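Participant: target06.txt (compact mmCIF, C-alpha atoms and all ligand atoms) pasted underneath:
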```
# COMPACT_ATOMS: atom_id res chain seq x y z
CA MET A 15 0.00 0.00 0.00
CA THR A 16 1.24 3.51 -0.75
CA ALA A 17 -0.11 5.99 1.76
CA LYS A 18 -2.26 8.99 0.99
CA LEU A 19 -0.51 12.16 2.18
CA ILE A 20 -2.30 14.18 4.86
CA ASN A 21 -1.74 17.73 3.68
CA GLY A 22 -1.37 19.96 6.74
CA ASN A 23 -0.94 23.09 4.64
CA GLU A 24 -4.28 22.56 2.89
CA ILE A 25 -6.20 21.67 6.06
CA ALA A 26 -4.67 24.59 7.97
CA LYS A 27 -5.62 26.95 5.14
CA GLN A 28 -9.19 25.71 5.20
CA ILE A 29 -9.46 26.26 8.98
CA ARG A 30 -7.89 29.73 8.72
CA GLU A 31 -10.47 30.68 6.11
CA GLU A 32 -13.25 29.53 8.47
CA LEU A 33 -11.67 31.60 11.24
CA ARG A 34 -11.34 34.67 9.01
CA GLN A 35 -15.07 34.51 8.31
CA GLU A 36 -15.79 34.10 12.02
CA VAL A 37 -13.65 37.14 12.86
CA ILE A 38 -15.65 39.23 10.35
CA HIS A 39 -18.89 37.97 11.92
CA LEU A 40 -17.69 38.74 15.47
CA LYS A 41 -16.73 42.26 14.48
CA GLU A 42 -19.98 42.97 12.59
CA LYS A 43 -22.41 41.41 15.03
CA TYR A 44 -20.74 42.00 18.41
CA ASN A 45 -17.98 44.56 17.73
CA VAL A 46 -15.49 42.01 19.13
CA VAL A 47 -11.95 41.81 17.70
CA PRO A 48 -9.82 38.90 18.97
CA GLY A 49 -6.61 40.22 20.55
CA LEU A 50 -3.35 38.26 20.81
CA VAL A 51 -0.01 39.25 22.33
CA THR A 52 3.09 37.20 21.61
CA ILE A 53 5.93 37.82 24.04
CA LEU A 54 9.42 36.99 22.84
CA VAL A 55 12.37 37.11 25.22
CA GLY A 56 15.77 37.29 23.53
CA GLU A 57 16.61 36.44 19.94
CA ASN A 58 16.66 32.65 19.62
CA PRO A 59 16.39 32.24 15.80
CA ALA A 60 13.79 29.43 15.92
CA SER A 61 11.67 31.41 18.40
CA VAL A 62 11.94 34.57 16.28
CA SER A 63 10.69 32.68 13.24
CA TYR A 64 7.80 31.02 15.14
CA VAL A 65 6.68 34.32 16.69
CA THR A 66 6.94 36.14 13.34
CA ALA A 67 4.72 33.50 11.74
CA LYS A 68 2.18 33.75 14.61
CA GLN A 69 2.03 37.52 14.22
CA LYS A 70 1.69 37.34 10.44
CA THR A 71 -1.20 34.86 10.65
CA SER A 72 -3.02 36.79 13.37
CA LYS A 73 -2.85 39.96 11.27
CA GLU A 74 -4.10 38.11 8.18
CA LEU A 75 -7.10 36.96 10.19
CA GLY A 76 -7.93 40.51 11.29
CA PHE A 77 -6.89 40.18 14.95
CA TYR A 78 -5.68 43.00 17.17
CA SER A 79 -2.13 41.72 17.51
CA VAL A 80 0.78 42.87 19.61
CA GLN A 81 4.35 41.67 19.31
CA ASP A 82 6.22 42.36 22.55
CA ASN A 83 9.98 41.82 22.26
CA GLN A 84 11.97 41.81 25.46
CA PRO A 85 15.75 41.63 25.92
CA GLU A 86 17.44 38.39 26.93
CA ASN A 87 18.37 39.95 30.30
CA ILE A 88 14.84 40.91 31.38
CA SER A 89 14.37 39.87 35.01
CA GLU A 90 11.79 37.30 36.04
CA ASP A 91 9.94 39.98 38.03
CA GLN A 92 9.78 42.31 35.05
CA LEU A 93 8.41 39.53 32.87
CA LEU A 94 5.80 38.64 35.50
CA GLN A 95 4.76 42.31 35.66
CA LEU A 96 4.45 42.42 31.88
CA ILE A 97 2.18 39.37 31.93
CA ASP A 98 0.09 41.01 34.63
CA LYS A 99 -0.30 44.09 32.42
CA TYR A 100 -1.69 41.93 29.59
CA ASN A 101 -3.84 39.92 32.02
CA LYS A 102 -5.59 43.23 32.79
CA ASP A 103 -5.73 44.57 29.20
CA PRO A 104 -9.31 44.13 27.88
CA ARG A 105 -8.16 44.29 24.23
CA ILE A 106 -6.00 41.20 24.74
CA HIS A 107 -7.77 37.82 24.88
CA GLY A 108 -4.76 35.56 24.35
CA ILE A 109 -1.25 35.73 25.82
CA LEU A 110 1.54 33.61 24.39
CA VAL A 111 5.00 33.57 25.94
CA GLN A 112 7.31 31.91 23.43
CA LEU A 113 9.35 29.06 24.94
CA PRO A 114 12.10 28.32 25.74
CA LEU A 115 12.91 31.19 28.11
CA PRO A 116 16.45 32.14 29.21
CA LYS A 117 17.85 30.01 32.02
CA HIS A 118 17.55 32.69 34.73
CA ILE A 119 13.75 32.72 34.31
CA ASN A 120 11.57 30.02 35.87
CA GLU A 121 9.35 28.86 33.00
CA THR A 122 6.77 27.24 35.28
CA LYS A 123 6.37 30.43 37.29
CA VAL A 124 5.82 32.40 34.10
CA LEU A 125 3.25 29.97 32.70
CA TYR A 126 1.40 29.97 36.04
CA ALA A 127 1.22 33.79 35.94
CA ILE A 128 -0.87 33.86 32.75
CA ASP A 129 -4.60 34.23 33.44
CA PRO A 130 -5.99 30.75 32.55
CA LYS A 131 -8.75 32.48 30.55
CA LYS A 132 -6.06 34.04 28.33
CA ASP A 133 -3.86 30.93 28.18
CA VAL A 134 -4.29 30.19 24.47
CA ASP A 135 -1.32 27.77 24.57
CA GLY A 136 -3.29 25.59 27.02
CA PHE A 137 -0.19 25.14 29.23
CA HIS A 138 -1.55 26.53 32.53
CA PRO A 139 -2.25 23.74 35.08
CA VAL A 140 -5.89 24.85 35.29
CA ASN A 141 -6.27 24.18 31.57
CA VAL A 142 -4.25 20.96 31.76
CA GLY A 143 -6.62 19.82 34.53
CA LYS A 144 -9.72 20.85 32.60
CA LEU A 145 -8.52 18.82 29.62
CA MET A 146 -8.01 15.82 31.90
CA ILE A 147 -11.66 15.91 33.04
CA GLY A 148 -13.07 16.59 29.57
CA GLU A 149 -13.91 20.26 30.29
CA ALA A 150 -11.19 21.97 28.25
CA ASP A 151 -11.63 25.53 26.99
CA TYR A 152 -8.29 25.51 25.19
CA LEU A 153 -6.56 22.45 23.80
CA PRO A 154 -2.77 22.76 23.47
CA CYS A 155 -2.11 23.78 19.87
CA THR A 156 -0.08 20.90 18.43
CA PRO A 157 -2.31 18.12 19.84
CA ALA A 158 -5.42 20.06 18.79
CA GLY A 159 -3.93 20.27 15.29
CA ILE A 160 -3.34 16.51 15.21
CA GLN A 161 -6.96 15.82 16.18
CA GLN A 162 -8.17 18.17 13.43
CA LEU A 163 -5.91 16.47 10.84
CA LEU A 164 -7.43 13.10 11.77
CA ILE A 165 -11.04 14.34 11.79
CA ARG A 166 -10.75 16.29 8.56
CA SER A 167 -9.04 13.38 6.80
CA GLY A 168 -11.99 11.15 7.67
CA VAL A 169 -10.01 8.85 9.97
CA GLN A 170 -12.11 6.64 12.25
CA ILE A 171 -10.95 7.68 15.72
CA GLU A 172 -13.73 6.24 17.86
CA GLY A 173 -12.75 2.75 19.03
CA ALA A 174 -9.37 2.91 17.26
CA GLU A 175 -6.16 1.63 18.82
CA VAL A 176 -4.07 4.79 19.15
CA VAL A 177 -0.42 4.52 20.10
CA VAL A 178 1.45 7.69 21.05
CA VAL A 179 5.25 7.64 21.11
CA GLY A 180 6.53 10.33 23.50
CA ARG A 181 5.15 11.68 26.77
CA SER A 182 5.97 15.39 26.67
CA ASN A 183 3.66 17.88 28.35
CA ILE A 184 3.28 19.75 25.04
CA VAL A 185 2.41 16.83 22.73
CA GLY A 186 2.42 13.24 24.04
CA LYS A 187 0.41 13.57 27.25
CA PRO A 188 -2.18 16.02 25.91
CA ILE A 189 -2.86 14.18 22.61
CA ALA A 190 -3.37 10.96 24.58
CA ASN A 191 -5.76 12.80 26.88
CA ILE A 192 -7.68 14.40 24.02
CA LEU A 193 -8.20 11.15 22.12
CA LEU A 194 -9.32 9.14 25.13
CA GLN A 195 -12.15 11.52 26.11
CA LYS A 196 -15.68 10.19 25.68
CA GLN A 197 -16.36 12.78 22.99
CA LYS A 198 -16.79 13.06 19.24
CA GLY A 199 -13.49 12.85 17.37
CA ALA A 200 -12.04 10.88 20.29
CA ASN A 201 -13.15 7.85 22.37
CA ALA A 202 -10.12 5.81 21.29
CA THR A 203 -8.10 3.19 23.17
CA VAL A 204 -4.84 4.97 23.89
CA THR A 205 -1.39 3.64 24.75
CA ILE A 206 1.58 5.90 25.48
CA CYS A 207 5.11 4.63 24.81
CA HIS A 208 8.22 6.36 26.11
CA THR A 209 11.89 5.81 26.87
CA GLY A 210 10.93 3.39 29.66
CA THR A 211 8.82 1.18 27.36
CA ARG A 212 10.23 -2.36 27.23
CA ASP A 213 9.18 -3.39 23.71
CA MET A 214 8.21 -0.35 21.65
CA ALA A 215 7.54 -2.26 18.40
CA PHE A 216 5.11 -4.60 20.19
CA HIS A 217 2.91 -1.59 20.87
CA THR A 218 3.42 0.42 17.67
CA ARG A 219 2.55 -2.63 15.50
CA ARG A 220 -0.88 -2.76 17.13
CA ALA A 221 -1.70 0.86 16.27
CA ASP A 222 -4.51 1.81 13.89
CA ILE A 223 -3.33 5.40 14.49
CA LEU A 224 0.34 5.92 15.35
CA ILE A 225 1.32 9.37 16.65
CA VAL A 226 5.05 9.94 16.94
CA ALA A 227 6.56 12.75 19.00
CA ALA A 228 9.81 11.13 20.04
CA GLY A 229 12.24 13.89 19.07
CA LYS A 230 14.49 11.39 17.27
CA PRO A 231 14.95 11.03 13.48
CA LYS A 232 13.79 7.66 12.07
CA ALA A 233 12.68 6.44 15.51
CA ILE A 234 9.88 4.60 13.71
CA THR A 235 10.87 2.17 10.96
CA ALA A 236 8.57 0.24 8.59
CA ASP A 237 8.77 -2.99 10.60
CA MET A 238 7.22 -1.13 13.56
CA VAL A 239 4.08 -0.15 11.63
CA LYS A 240 0.94 -2.19 10.88
CA GLU A 241 -0.17 -2.44 7.23
CA GLY A 242 -2.83 0.24 6.64
CA ALA A 243 -2.11 2.30 9.78
CA VAL A 244 -2.53 6.08 9.88
CA VAL A 245 0.80 7.65 10.85
CA ILE A 246 1.13 11.16 12.29
CA ASP A 247 4.72 12.42 12.51
CA VAL A 248 5.17 15.31 14.95
CA GLY A 249 8.98 15.31 14.72
CA VAL A 250 10.85 18.42 13.63
CA ASN A 251 14.52 17.52 13.41
CA ARG A 252 16.90 20.00 11.82
CA ILE A 253 19.31 17.92 9.73
CA GLY A 254 21.12 20.60 7.75
CA VAL A 255 20.53 23.59 5.52
CA THR A 256 18.85 23.70 2.09
CA PRO A 257 20.64 25.42 -0.85
CA ASP A 258 18.46 28.53 -0.27
CA GLY A 259 19.55 28.76 3.36
CA LYS A 260 16.48 27.33 5.08
CA ALA A 261 16.62 24.65 7.75
CA LYS A 262 16.36 21.15 6.28
CA LEU A 263 13.84 19.16 8.31
CA CYS A 264 13.00 15.53 8.85
CA GLY A 265 10.45 13.85 11.10
CA ASP A 266 10.68 11.03 13.61
CA VAL A 267 9.35 8.47 11.10
CA ASP A 268 11.34 6.79 8.32
CA PHE A 269 8.96 8.38 5.82
CA GLU A 270 10.09 6.71 2.57
CA ALA A 271 9.76 3.19 3.99
CA VAL A 272 6.72 3.74 6.20
CA LYS A 273 4.66 5.39 3.44
CA GLU A 274 4.69 2.03 1.60
CA LYS A 275 2.89 0.43 4.53
CA ALA A 276 0.62 3.10 5.97
CA SER A 277 -2.80 4.06 4.55
CA MET A 278 -2.25 7.74 5.42
CA ILE A 279 0.81 9.65 6.59
CA THR A 280 1.80 13.24 7.37
CA PRO A 281 4.92 14.61 5.65
CA VAL A 282 7.58 16.71 7.40
CA PRO A 283 7.45 19.58 6.65
CA GLY A 284 3.84 20.26 5.65
CA GLY A 285 2.01 17.90 8.01
CA VAL A 286 1.47 18.74 11.68
CA GLY A 287 3.61 21.92 11.63
CA PRO A 288 1.20 24.27 9.80
CA MET A 289 -1.62 23.20 12.11
CA THR A 290 -0.01 24.44 15.34
CA ILE A 291 -0.24 28.15 14.54
CA THR A 292 -3.73 27.72 13.13
CA MET A 293 -4.91 26.15 16.40
CA LEU A 294 -3.43 29.09 18.31
CA MET A 295 -5.64 31.34 16.19
CA MET A 296 -8.63 29.11 16.88
CA ASN A 297 -7.96 29.33 20.64
CA THR A 298 -7.66 33.12 20.44
CA VAL A 299 -11.02 33.42 18.67
CA LYS A 300 -12.48 31.16 21.36
CA ALA A 301 -10.91 33.31 24.11
CA ALA A 302 -12.48 36.45 22.61
CA LYS A 303 -15.89 34.74 22.49
CA LEU A 304 -15.61 33.44 26.06
CA HIS A 305 -14.59 36.92 27.23
CA ALA A 306 -17.60 38.48 25.50
CA GLY A 307 -19.99 35.75 26.65
CA ILE A 308 -20.64 34.59 23.05
CA ARG A 309 -21.25 30.86 22.61
N1 LIG A 401 7.94 26.83 21.71
C1 LIG A 401 7.83 25.75 20.89
N2 LIG A 401 6.55 25.40 20.74
C2 LIG A 401 5.83 26.28 21.47
C3 LIG A 401 4.43 26.43 21.69
O1 LIG A 401 3.57 25.70 21.20
N3 LIG A 401 4.09 27.48 22.49
C4 LIG A 401 5.00 28.30 23.06
N4 LIG A 401 4.56 29.27 23.85
N5 LIG A 401 6.30 28.17 22.88
C5 LIG A 401 6.70 27.17 22.08
```
Let me see the structure of the file written as structure tokens.

Facilitator:
Amino acid sequence: MTAKLINGNEIAKQIREELRQEVIHLKEKYNVVPGLVTILVGENPASVSYVTAKQKTSKELGFYSVQDNQPENISEDQLLQLIDKYNKDPRIHGILVQLPLPKHINETKVLYAIDPKKDVDGFHPVNVGKLMIGEADYLPCTPAGIQQLLIRSGVQIEGAEVVVVGRSNIVGKPIANILLQKQKGANATVTICHTGTRDMAFHTRRADILIVAAGKPKAITADMVKEGAVVIDVGVNRIGVTPDGKAKLCGDVDFEAVKEKASMITPVPGGVGPMTITMLMMNTVKAAKLHAGIR
């Protein structure tokens, strides 16, 4: 079997168009404009490029958007005060602090300082807890994007054997939690594999849907995949530079071999990646609606 490609760029574009229409509607009917601030500390090149892309998309969708750049040597107290300012700003519905932060700043403390109602990353423990009990307002962006890719590609999630490789707080744990909820687009049987798993292939070979966020190139080879499985590759490994100076990327899945076995597969780049920013936009629209009491 040669797998059908799940085109993240196309699906993300479709969702952004739906959001653009919703933003027009919110403005016309309720005079509500979703507001997003992205806070960048320092000049980490990957972070700069992510934040630039988030700003660009939010402007394209008609948001009120603020880019707040802070120097590498900002103190933890100053950053906490800045967050407090945006917590109180009624024009801002979503606050995103780009990670990682410099070493002298306690990341947990910073994430805890964001008003959970404005936590469009879904990283605050209140939102993590709400997800756990099936009451989430905001799903973390990358896992939310994976669920949308599956739903919009017509994949049968309910009752499926889902195997997640990786247990990070940003991807592995939340995607497992999302897909096990007794809800539409979920209700799967979920297994999480990690570095402590004794026989990884035993589990991955059982997967109808295999989600890989291991952070290791070619962690998943063809012999670890069931014929006809749906494979979602969350890996973003920088393996060099293209002739035009861009980072050359590869996923965590041995794409060329696995695509001959899977029924559907996401490419890297162009699979999960484009969905993450789009889900941030979706969360910001939701935050604006929650703030205004619009259902
Ligand atoms: N750094 C890498 N991914 C993310 C993300 O999803 N959110 C934030 N805030 N920082 C990140």

Participant: Using all atoms listed in the file, determine which residues lie at most 9 Å from stretch 74-91 of chain A, disregarding the query and same-chain residues fewer than 6 positions distant; provide the list as number ranges by chain.

Facilitator: A: 30-31, 33-35, 37-38, 47-57, 65-66, 105-106, 115-116, 118-120, 123-124, 295, 298-299

Participant: Kindly compute an axis-aligned box around the listed atoms of ligand LIG 401 (chain A), allowing 4 Å on each side, and express its centre and edge lengths in Å to one decimal as JSON.

Facilitator:
```
{"center_x": 5.8, "center_y": 27.3, "center_z": 22.3, "size_x": 12.4, "size_y": 11.9, "size_z": 11.1}
```

Participant: Hey, can you check how far atom CA of A:Leu113 sits from atom CA of A:Ala190?

Facilitator: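 We find that atom CA of A:Leu113 and atom CA of A:Ala190 lie 22.1 Å from each other.
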
Participant: Counting all atoms listed in the file, what are the residues, protein, DNA or RNA alike, that approach ligand LIG 401 (chain A) to within 10 Å? I want them as a ChimeraX atom specification.

Facilitator: /A:52-54,60-61,64-65,109-115,125,133-137,154-157,184-185,290-291,293-294

Participant: If you measure from atom CA of A:Pro257 to atom CA of A:Val282, what distance in Å do you get, rounded to one decimal?

Facilitator: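 Computed distance, atom CA of A:Pro257 to atom CA of A:Val282, equals 17.7 Å.
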
Participant: Go through A:Val248, A:Ala261, A:Ile234, A:Val142 one by one, measure the shortest atom-to-atom distance of each to A:Ile192 using all atoms listed in the file, and give the residue with the smallest value.

Facilitator: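 Checking each candidate against A:Ile192, we get A:Val142 as the closest.
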
Participant: Can you tell me, as number ranges by chain, which residues sit within 12 Å of (4.2, -6.8, 6.0) in the file's frame, using only C-alpha atoms?

Facilitator: A: 15, 219, 236-243, 271-272, 274-276

Participant: Between A:Asn297, A:Thr16, A:Asn251, A:Thr211, which one has atoms that come closest to A:Pro283, using all atoms listed in the file?

Facilitator: A:Asn251

Participant: At most 10 Å is the cut-off: for each residue in stretch 209-271 of chain A with any atom that close to an atom of stretch 159-162 of chain A, write down the nearest atom pair and the distance in Å rounded to one decimal, counting only C-alpha atoms, chain first then increasing number, as a tab-separated table.

Facilitator:
```
residue	atom	partner	partner_atom	distance
A:Ile225	CA	A:Ile160	CA	8.6
A:Ile246	CA	A:Ile160	CA	7.6
A:Asp247	CA	A:Ile160	CA	9.4
A:Val248	CA	A:Ile160	CA	8.6
```

Participant: Interatomic distance between atom CA of A:Glu42 and atom CA of A:Lys70?

Facilitator: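 Between these atoms lies a distance of 22.5 Å.
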
Participant: Quick one: everything within 12 Å of A:Leu163, counting all atoms listed in the file, minus sequence neighbours fewer than 4 positions away in the same chain. Send it as a PyMOL selection string.

Facilitator: chain A and resi 19-29+156-159+167-171+199+223+225+244-248+278-280+284-290+292-293
